[in-house]
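The file data-v4.cif comes next; it holds mmCIF, C-alpha atoms, pLDDT in the B column; chains and numbers go by the auth columns.
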data_structure
loop_
_atom_site.group_PDB
_atom_site.id
_atom_site.type_symbol
_atom_site.label_atom_id
_atom_site.label_comp_id
_atom_site.label_asym_id
_atom_site.label_seq_id
_atom_site.Cartn_x
_atom_site.Cartn_y
_atom_site.Cartn_z
_atom_site.B_iso_or_equiv
_atom_site.auth_seq_id
_atom_site.auth_asym_id
ATOM 1 C CA MET A 1 198.935 37.996 174.923 59.00 1422 Q
ATOM 2 C CA LEU A 2 197.999 35.463 177.530 53.00 1423 Q
ATOM 3 C CA GLN A 3 194.535 34.191 178.168 50.00 1424 Q
ATOM 4 C CA SER A 4 193.771 32.417 181.366 50.00 1425 Q
ATOM 5 C CA VAL A 5 190.606 30.511 180.666 50.00 1426 Q
ATOM 6 C CA ALA A 6 188.737 28.351 183.122 47.00 1427 Q
ATOM 7 C CA ILE A 7 185.371 26.775 182.836 49.00 1428 Q
ATOM 8 C CA PHE A 8 185.227 26.529 186.624 57.00 1429 Q
ATOM 9 C CA VAL A 9 185.251 29.419 189.051 69.00 1430 Q
ATOM 10 C CA GLY A 10 187.655 29.789 191.940 73.00 1431 Q
ATOM 11 C CA VAL A 11 190.575 27.929 190.371 73.00 1432 Q
ATOM 12 C CA GLY A 12 193.026 30.829 190.660 83.00 1433 Q
ATOM 13 C CA LYS A 13 192.857 32.645 187.310 89.00 1434 Q
ATOM 14 C CA THR A 14 192.947 36.095 188.873 92.00 1435 Q
ATOM 15 C CA HIS A 15 195.726 35.079 191.252 91.00 1436 Q
ATOM 16 C CA VAL A 16 197.894 33.841 188.366 91.00 1437 Q
ATOM 17 C CA ALA A 17 197.178 36.971 186.294 93.00 1438 Q
ATOM 18 C CA GLN A 18 198.105 39.219 189.237 95.00 1439 Q
ATOM 19 C CA ALA A 19 201.283 37.219 189.808 95.00 1440 Q
ATOM 20 C CA LEU A 20 202.292 37.664 186.159 95.00 1441 Q
ATOM 21 C CA ALA A 21 201.652 41.408 186.379 96.00 1442 Q
ATOM 22 C CA HIS A 22 203.681 41.510 189.603 97.00 1443 Q
ATOM 23 C CA LEU A 23 206.538 39.713 187.849 97.00 1444 Q
ATOM 24 C CA ALA A 24 206.430 42.288 185.050 96.00 1445 Q
ATOM 25 C CA ILE A 25 206.598 45.115 187.581 97.00 1446 Q
ATOM 26 C CA ARG A 26 209.545 43.481 189.359 98.00 1447 Q
ATOM 27 C CA ALA A 27 211.272 43.303 185.960 98.00 1448 Q
ATOM 28 C CA GLY A 28 210.786 47.062 185.545 98.00 1449 Q
ATOM 29 C CA ALA A 29 207.677 47.154 183.359 97.00 1450 Q
ATOM 30 C CA ASP A 30 204.475 49.042 184.050 97.00 1451 Q
ATOM 31 C CA ALA A 31 201.349 46.964 184.613 97.00 1452 Q
ATOM 32 C CA ARG A 32 197.708 47.674 185.250 97.00 1453 Q
ATOM 33 C CA PHE A 33 195.011 45.360 186.583 97.00 1454 Q
ATOM 34 C CA LEU A 34 191.312 46.014 185.929 97.00 1455 Q
ATOM 35 C CA LYS A 35 188.095 44.107 185.884 97.00 1456 Q
ATOM 36 C CA THR A 36 186.959 44.223 182.267 97.00 1457 Q
ATOM 37 C CA SER A 37 183.692 45.862 183.300 97.00 1458 Q
ATOM 38 C CA ARG A 38 185.622 48.663 185.057 97.00 1459 Q
ATOM 39 C CA ALA A 39 187.882 49.231 182.041 98.00 1460 Q
ATOM 40 C CA LEU A 40 184.804 49.528 179.825 98.00 1461 Q
ATOM 41 C CA ALA A 41 183.102 51.879 182.289 98.00 1462 Q
ATOM 42 C CA HIS A 42 186.270 53.994 182.370 98.00 1463 Q
ATOM 43 C CA LEU A 43 186.268 54.276 178.579 98.00 1464 Q
ATOM 44 C CA ALA A 44 182.514 54.956 178.509 98.00 1465 Q
ATOM 45 C CA GLY A 45 183.056 57.859 180.896 98.00 1466 Q
ATOM 46 C CA GLY A 46 185.484 59.266 178.363 98.00 1467 Q
ATOM 47 C CA HIS A 47 182.738 59.361 175.757 97.00 1468 Q
ATOM 48 C CA ALA A 48 180.590 61.315 178.196 96.00 1469 Q
ATOM 49 C CA ASP A 49 183.195 63.935 179.180 98.00 1470 Q
ATOM 50 C CA ARG A 50 185.196 63.999 175.933 97.00 1471 Q
ATOM 51 C CA THR A 51 188.311 62.452 177.499 98.00 1472 Q
ATOM 52 C CA TRP A 52 188.055 59.130 175.647 98.00 1473 Q
ATOM 53 C CA ASP A 53 191.384 59.551 173.805 98.00 1474 Q
ATOM 54 C CA LYS A 54 193.149 60.348 177.071 98.00 1475 Q
ATOM 55 C CA ARG A 55 191.568 57.381 178.819 98.00 1476 Q
ATOM 56 C CA LEU A 56 192.461 55.063 175.944 98.00 1477 Q
ATOM 57 C CA ARG A 57 196.094 56.248 176.150 97.00 1478 Q
ATOM 58 C CA GLU A 58 196.071 55.462 179.898 97.00 1479 Q
ATOM 59 C CA LEU A 59 195.119 51.885 179.110 98.00 1480 Q
ATOM 60 C CA THR A 60 197.489 51.652 176.156 97.00 1481 Q
ATOM 61 C CA ARG A 61 200.577 52.951 177.963 97.00 1482 Q
ATOM 62 C CA PRO A 62 201.463 50.074 180.369 97.00 1483 Q
ATOM 63 C CA ALA A 63 203.522 47.174 179.050 97.00 1484 Q
ATOM 64 C CA VAL A 64 201.053 44.746 180.659 97.00 1485 Q
ATOM 65 C CA VAL A 65 197.322 45.146 181.159 97.00 1486 Q
ATOM 66 C CA VAL A 66 195.232 42.518 182.913 97.00 1487 Q
ATOM 67 C CA LEU A 67 191.556 42.409 181.943 96.00 1488 Q
ATOM 68 C CA ASP A 68 189.998 40.235 184.611 96.00 1489 Q
ATOM 69 C CA ASP A 69 186.627 38.495 184.210 95.00 1490 Q
ATOM 70 C CA PHE A 70 186.521 39.014 180.457 95.00 1491 Q
ATOM 71 C CA ALA A 71 183.304 38.011 178.685 94.00 1492 Q
ATOM 72 C CA MET A 72 181.188 37.681 181.816 94.00 1493 Q
ATOM 73 C CA ARG A 73 178.148 39.055 179.981 95.00 1494 Q
ATOM 74 C CA GLU A 74 177.108 40.332 176.561 97.00 1495 Q
ATOM 75 C CA PHE A 75 178.807 43.497 175.336 97.00 1496 Q
ATOM 76 C CA THR A 76 176.959 46.535 174.056 98.00 1497 Q
ATOM 77 C CA ALA A 77 177.934 47.876 170.646 97.00 1498 Q
ATOM 78 C CA ALA A 78 179.823 50.759 172.305 97.00 1499 Q
ATOM 79 C CA GLN A 79 181.679 48.386 174.645 98.00 1500 Q
ATOM 80 C CA ALA A 80 182.629 46.109 171.748 97.00 1501 Q
ATOM 81 C CA ASP A 81 183.927 49.104 169.788 97.00 1502 Q
ATOM 82 C CA ASP A 82 185.931 50.309 172.804 97.00 1503 Q
ATOM 83 C CA LEU A 83 187.432 46.842 173.305 97.00 1504 Q
ATOM 84 C CA TYR A 84 188.354 46.685 169.627 96.00 1505 Q
ATOM 85 C CA GLU A 85 190.111 50.050 169.836 97.00 1506 Q
ATOM 86 C CA LEU A 86 191.903 49.102 173.051 97.00 1507 Q
ATOM 87 C CA ILE A 87 193.173 45.788 171.686 95.00 1508 Q
ATOM 88 C CA SER A 88 194.163 47.393 168.374 94.00 1509 Q
ATOM 89 C CA GLU A 89 196.075 50.179 170.130 95.00 1510 Q
ATOM 90 C CA ARG A 90 197.829 47.663 172.370 94.00 1511 Q
ATOM 91 C CA ALA A 91 199.210 45.678 169.425 90.00 1512 Q
ATOM 92 C CA GLY A 92 202.622 44.352 170.399 89.00 1513 Q
ATOM 93 C CA LYS A 93 201.974 44.810 174.115 93.00 1514 Q
ATOM 94 C CA SER A 94 200.816 42.206 176.593 94.00 1515 Q
ATOM 95 C CA VAL A 95 197.204 41.794 177.584 95.00 1516 Q
ATOM 96 C CA ILE A 96 196.261 39.097 180.064 94.00 1517 Q
ATOM 97 C CA PHE A 97 192.620 38.039 179.974 93.00 1518 Q
ATOM 98 C CA THR A 98 190.929 35.890 182.570 93.00 1519 Q
ATOM 99 C CA SER A 99 187.590 34.363 181.717 92.00 1520 Q
ATOM 100 C CA ASN A 100 185.167 31.719 182.871 89.00 1521 Q
ATOM 101 C CA ARG A 101 184.236 31.025 179.252 89.00 1522 Q
ATOM 102 C CA ALA A 102 186.142 29.260 176.505 87.00 1523 Q
ATOM 103 C CA PRO A 103 187.238 31.624 173.685 87.00 1524 Q
ATOM 104 C CA ALA A 104 184.827 29.951 171.259 88.00 1525 Q
ATOM 105 C CA ASP A 105 181.995 31.073 173.541 92.00 1526 Q
ATOM 106 C CA TRP A 106 183.033 34.746 173.323 93.00 1527 Q
ATOM 107 C CA TYR A 107 181.786 35.379 169.781 94.00 1528 Q
ATOM 108 C CA PRO A 108 178.039 35.447 170.572 95.00 1529 Q
ATOM 109 C CA LEU A 109 178.638 38.046 173.297 96.00 1530 Q
ATOM 110 C CA PHE A 110 179.345 40.693 170.661 97.00 1531 Q
ATOM 111 C CA PRO A 111 176.421 42.414 168.921 97.00 1532 Q
ATOM 112 C CA ASN A 112 178.334 42.892 165.666 96.00 1533 Q
ATOM 113 C CA PRO A 113 179.908 39.708 164.247 95.00 1534 Q
ATOM 114 C CA VAL A 114 182.425 41.722 162.200 95.00 1535 Q
ATOM 115 C CA VAL A 115 183.735 43.500 165.316 95.00 1536 Q
ATOM 116 C CA ALA A 116 183.781 40.185 167.174 94.00 1537 Q
ATOM 117 C CA GLU A 117 185.762 38.461 164.452 94.00 1538 Q
ATOM 118 C CA SER A 118 188.221 41.350 164.079 93.00 1539 Q
ATOM 119 C CA LEU A 119 188.834 41.703 167.808 92.00 1540 Q
ATOM 120 C CA LEU A 120 188.896 38.028 168.702 92.00 1541 Q
ATOM 121 C CA ASP A 121 191.078 37.149 165.715 89.00 1542 Q
ATOM 122 C CA ARG A 122 193.691 39.503 167.160 87.00 1543 Q
ATOM 123 C CA VAL A 123 193.285 38.086 170.659 88.00 1544 Q
ATOM 124 C CA ILE A 124 192.897 34.360 170.106 86.00 1545 Q
ATOM 125 C CA ASN A 125 195.361 33.876 167.254 82.00 1546 Q
ATOM 126 C CA THR A 126 198.202 35.801 168.887 81.00 1547 Q
ATOM 127 C CA SER A 127 197.934 34.414 172.394 84.00 1548 Q
ATOM 128 C CA HIS A 128 199.054 31.634 174.623 85.00 1549 Q
ATOM 129 C CA GLN A 129 196.074 30.025 176.286 85.00 1550 Q
ATOM 130 C CA VAL A 130 196.196 28.498 179.732 82.00 1551 Q
ATOM 131 C CA VAL A 131 193.202 26.379 180.644 82.00 1552 Q
ATOM 132 C CA MET A 132 192.731 25.973 184.373 80.00 1553 Q
ATOM 133 C CA ASN A 133 190.235 23.332 185.457 78.00 1554 Q
ATOM 134 C CA GLY A 134 189.613 22.034 188.916 72.00 1555 Q
ATOM 135 C CA PRO A 135 187.606 22.560 192.040 73.00 1556 Q
ATOM 136 C CA SER A 136 187.184 25.986 193.577 74.00 1557 Q
ATOM 137 C CA TYR A 137 189.600 26.783 196.381 63.00 1558 Q
ATOM 138 C CA ARG A 138 187.004 29.061 198.005 61.00 1559 Q
ATOM 139 C CA PRO A 139 185.091 26.442 200.025 62.00 1560 Q
ATOM 140 C CA SER A 140 188.273 25.830 202.023 64.00 1561 Q
ATOM 141 C CA LYS A 141 188.342 29.555 202.869 63.00 1562 Q
ATOM 142 C CA ARG A 142 184.719 29.681 204.028 62.00 1563 Q
ATOM 143 C CA PRO A 143 184.335 31.253 207.498 68.00 1564 Q
ATOM 144 C CA GLY A 144 183.312 28.759 210.137 68.00 1565 Q
ATOM 145 C CA ARG A 145 184.608 25.804 208.162 62.00 1566 Q
ATOM 146 C CA VAL A 146 185.700 23.034 210.486 56.00 1567 Q
ATOM 147 C CA VAL A 147 189.163 21.874 209.569 51.00 1568 Q
ATOM 148 C CA PRO A 148 189.606 18.161 210.275 53.00 1569 Q
ATOM 149 C CA THR A 149 192.318 17.430 212.788 55.00 1570 Q
ATOM 150 C CA ASP A 150 194.766 14.620 212.542 50.00 1571 Q
ATOM 151 C CA THR A 151 193.736 11.962 215.019 51.00 1572 Q
ATOM 152 C CA THR A 152 196.794 9.807 214.645 50.00 1573 Q
ATOM 153 C CA SER A 153 199.010 9.705 217.676 46.00 1574 Q
ATOM 154 C CA ILE A 154 202.681 9.104 217.889 51.00 1575 Q
ATOM 155 C CA SER A 155 203.764 6.718 220.674 42.00 1576 Q
#
Can you turn what I pasted into structure tokens?
Amino acid sequence: MLQSVAIFVGVGKTHVAQALAHLAIRAGADARFLKTSRALAHLAGGHADRTWDKRLRELTRPAVVVLDDFAMREFTAAQADDLYELISERAGKSVIFTSNRAPADWYPLFPNPVVAESLLDRVINTSHQVVMNGPSYRPSKRPGRVVPTDTTSIS
């Protein structure tokens, strides 16, 4: 597992995660990219229409799954349980997490400390962590931004 963790926004976590998934695809592996909130909504829909097992298999099948914007907000008990099942089922397969929070800050986001410890023990202790700090690249992409011109002249 790989975690891309940044305390700052706009440093390129998602870009790096997508590039790693792209590399996996170019090497012949299947990959899937989802915002964590969308993955949880997808699984929640399976509870509603009784297709949860099928939906879990869809997220378990690819060799690489990217869960972008992990731990943006507190999880409900059902979301925490779904995440636990997903991570457990994906044992031995790659999961790339991107997050704006340090892993130590993830624990309080789970309503059940036992689920949090079980899930995060699997994630944190079996992963490589990449910490990306720096300024956001987005201000340079802002529409209407005046780009300074080089005023030096060559004679």
Residues of segment 1429-1506 of chain Q that approach segment 1536-1545 of chain Q to 10 Å or less, counting only C-alpha atoms: could you list each one with the shortest pair of atoms and its distance in Å to one decimal, rows by chain and increasing residue number, as a tab-separated table?
residue	atom	partner	partner_atom	distance
Q:Ala1498	CA	Q:Val1536	CA	9.0
Q:Ala1501	CA	Q:Val1536	CA	7.0
Q:Asp1502	CA	Q:Val1536	CA	7.2
Q:Leu1504	CA	Q:Leu1540	CA	7.7
Q:Tyr1505	CA	Q:Leu1540	CA	5.3
Q:Glu1506	CA	Q:Leu1540	CA	8.7
Keeping C-alpha atoms, export the residues of the selection given above as a PDB file, in the frame of the given file.
ATOM      1  CA  ALA Q1498     177.934  47.876 170.646  1.00 97.00           C
ATOM      2  CA  ALA Q1501     182.629  46.109 171.748  1.00 97.00           C
ATOM      3  CA  ASP Q1502     183.927  49.104 169.788  1.00 97.00           C
ATOM      4  CA  LEU Q1504     187.432  46.842 173.305  1.00 97.00           C
ATOM      5  CA  TYR Q1505     188.354  46.685 169.627  1.00 96.00           C
ATOM      6  CA  GLU Q1506     190.111  50.050 169.836  1.00 97.00           C
TER       7      GLU Q1506
END
For this session: To one decimal in Å, tell me the separation between atom CA of Asp1489 of chain Q and atom CA of Thr1435 of chain Q.
Result: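 It comes out at 6.6 Å.
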For this session: Dig up all the protein and nucleic acid residues within 9 Å of (197.2, 47.1, 172.9) in the file frame, using only C-alpha atoms, and format them as an MDAnalysis selection string.
Result: chainID Q and resid 1480:1482 1484:1486 1506:1516
For this session: Anything within 9 Å of (205.9, 49.0, 182.7): list those residues as a ChimeraX atom specification, counting all atoms listed in the file and sticking to the file's coordinates.
Result: /Q:1445-1446,1448-1453,1482-1485
Problem set entry | Among the residues Q:Ala1499, Q:Ala1440, Q:Val1552, Q:Leu1530, the one that comes closest to Ala1462 of chain Q [using only C-alpha atoms] |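 The shortest atom-to-atom distance to Ala1462 of chain Q comes from Q:Ala1499.
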Problem set entry | Computed interatomic separation between atom CA of Met1553 of chain Q and atom CA of Asn1533 of chain Q (Å) |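 One can read the atom CA of Met1553 of chain Q to atom CA of Asn1533 of chain Q distance as 29.0 Å.
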Problem set entry | atom CA of Leu1464 of chain Q to atom CA of Gln1500 of chain Q, distance in Å rounded to a single decimal | 8.4 Å
Exercise. Can you list, as a list in words, every protein, DNA or RNA residue that comes within 12 Å of Lys1456 of chain Q when you count all atoms listed in the file, leaving out same-chain residues fewer than 6 positions away?
Worked result: Thr1435, Ala1438, Gln1439, Ala1462, His1463, Val1486, Val1487, Leu1488, Asp1489, Asp1490, Phe1491, Ala1492, Met1493, Ile1517, Phe1518, Thr1519 and Ser1520 of chain Q
Where is the centre and how long are the edges: axis-aligned box on segment 1458-1468 of chain Q, 4 Å on each side, Å to one decimal, as AutoDock Vina command-line options:
--center_x 185.2 --center_y 52.6 --center_z 180.4 --size_x 13.4 --size_y 21.5 --size_z 17.3
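Shortest atom-to-atom contact with Arg1494 of chain Q among Q:Lys1475, Q:His1443, Q:Arg1522, Q:His1468: Q:Arg1522, counting all atoms listed in the file.
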From the structure just shown, export segment 1446-1457 of chain Q with all heavy atoms as a tab-separated table (two decimals), in the first residue's frame.
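The new file out.tsv reads:
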chain	number	residue	atom	x	y	z
Q	1446	ILE	N	-1.34	0.40	-15.09
Q	1446	ILE	CA	-2.09	0.03	-16.29
Q	1446	ILE	C	-1.16	-0.24	-17.46
Q	1446	ILE	O	-1.31	-1.22	-18.19
Q	1446	ILE	CB	-3.12	1.13	-16.63
Q	1446	ILE	CG1	-4.22	1.16	-15.57
Q	1446	ILE	CG2	-3.71	0.92	-18.03
Q	1446	ILE	CD1	-5.11	2.38	-15.62
Q	1447	ARG	N	-0.16	0.62	-17.62
Q	1447	ARG	CA	0.82	0.42	-18.71
Q	1447	ARG	C	1.60	-0.88	-18.54
Q	1447	ARG	O	2.05	-1.47	-19.52
Q	1447	ARG	CB	1.76	1.61	-18.79
Q	1447	ARG	CG	1.04	2.85	-19.30
Q	1447	ARG	CD	1.95	4.01	-19.46
Q	1447	ARG	NE	2.86	3.74	-20.57
Q	1447	ARG	CZ	3.75	4.60	-21.01
Q	1447	ARG	NH1	3.86	5.78	-20.43
Q	1447	ARG	NH2	4.54	4.28	-22.01
Q	1448	ALA	N	1.72	-1.34	-17.28
Q	1448	ALA	CA	2.41	-2.61	-17.02
Q	1448	ALA	C	1.46	-3.80	-17.13
Q	1448	ALA	O	1.86	-4.94	-16.88
Q	1448	ALA	CB	3.03	-2.56	-15.63
Q	1449	GLY	N	0.20	-3.54	-17.49
Q	1449	GLY	CA	-0.75	-4.62	-17.71
Q	1449	GLY	C	-1.69	-4.91	-16.55
Q	1449	GLY	O	-2.48	-5.86	-16.61
Q	1450	ALA	N	-1.65	-4.14	-15.51
Q	1450	ALA	CA	-2.53	-4.36	-14.36
Q	1450	ALA	C	-3.81	-3.53	-14.51
Q	1450	ALA	O	-3.85	-2.56	-15.25
Q	1450	ALA	CB	-1.81	-3.95	-13.06
Q	1451	ASP	N	-4.84	-3.95	-13.81
Q	1451	ASP	CA	-6.07	-3.16	-13.75
Q	1451	ASP	C	-5.95	-2.17	-12.61
Q	1451	ASP	O	-5.38	-2.47	-11.57
Q	1451	ASP	CB	-7.28	-4.06	-13.48
Q	1451	ASP	CG	-7.61	-4.97	-14.65
Q	1451	ASP	OD1	-7.31	-4.58	-15.79
Q	1451	ASP	OD2	-8.18	-6.04	-14.41
Q	1452	ALA	N	-6.50	-0.98	-12.81
Q	1452	ALA	CA	-6.48	0.04	-11.75
Q	1452	ALA	C	-7.80	0.78	-11.76
Q	1452	ALA	O	-8.47	0.87	-12.79
Q	1452	ALA	CB	-5.32	1.00	-11.97
Q	1453	ARG	N	-8.14	1.30	-10.60
Q	1453	ARG	CA	-9.38	2.07	-10.47
Q	1453	ARG	C	-9.10	3.25	-9.57
Q	1453	ARG	O	-8.45	3.12	-8.53
Q	1453	ARG	CB	-10.47	1.18	-9.87
Q	1453	ARG	CG	-11.80	1.86	-9.75
Q	1453	ARG	CD	-12.90	1.00	-10.26
Q	1453	ARG	NE	-14.15	1.75	-10.20
Q	1453	ARG	CZ	-15.29	1.22	-9.82
Q	1453	ARG	NH1	-15.37	-0.04	-9.48
Q	1453	ARG	NH2	-16.37	1.96	-9.80
Q	1454	PHE	N	-9.60	4.42	-9.97
Q	1454	PHE	CA	-9.42	5.65	-9.21
Q	1454	PHE	C	-10.79	6.12	-8.74
Q	1454	PHE	O	-11.72	6.24	-9.54
Q	1454	PHE	CB	-8.79	6.73	-10.10
Q	1454	PHE	CG	-8.68	8.07	-9.44
Q	1454	PHE	CD1	-7.53	8.41	-8.75
Q	1454	PHE	CD2	-9.73	8.98	-9.49
Q	1454	PHE	CE1	-7.43	9.65	-8.13
Q	1454	PHE	CE2	-9.64	10.21	-8.87
Q	1454	PHE	CZ	-8.48	10.55	-8.19
Q	1455	LEU	N	-10.92	6.41	-7.45
Q	1455	LEU	CA	-12.17	6.92	-6.89
Q	1455	LEU	C	-11.88	7.88	-5.77
Q	1455	LEU	O	-10.94	7.70	-5.00
Q	1455	LEU	CB	-13.01	5.78	-6.28
Q	1455	LEU	CG	-13.45	4.65	-7.15
Q	1455	LEU	CD1	-12.96	3.35	-6.60
Q	1455	LEU	CD2	-14.95	4.65	-7.19
Q	1456	LYS	N	-12.71	8.91	-5.66
Q	1456	LYS	CA	-12.71	9.69	-4.44
Q	1456	LYS	C	-13.23	8.75	-3.35
Q	1456	LYS	O	-14.15	7.95	-3.60
Q	1456	LYS	CB	-13.64	10.90	-4.56
Q	1456	LYS	CG	-13.19	11.93	-5.56
Q	1456	LYS	CD	-12.04	12.73	-5.03
Q	1456	LYS	CE	-11.67	13.85	-5.99
Q	1456	LYS	NZ	-10.42	14.49	-5.61
Q	1457	THR	N	-12.67	8.83	-2.17
Q	1457	THR	CA	-13.11	7.94	-1.09
Q	1457	THR	C	-14.60	8.09	-0.84
Q	1457	THR	O	-15.30	7.09	-0.65
Q	1457	THR	CB	-12.30	8.22	0.19
Q	1457	THR	OG1	-10.91	8.03	-0.10
Q	1457	THR	CG2	-12.71	7.30	1.32
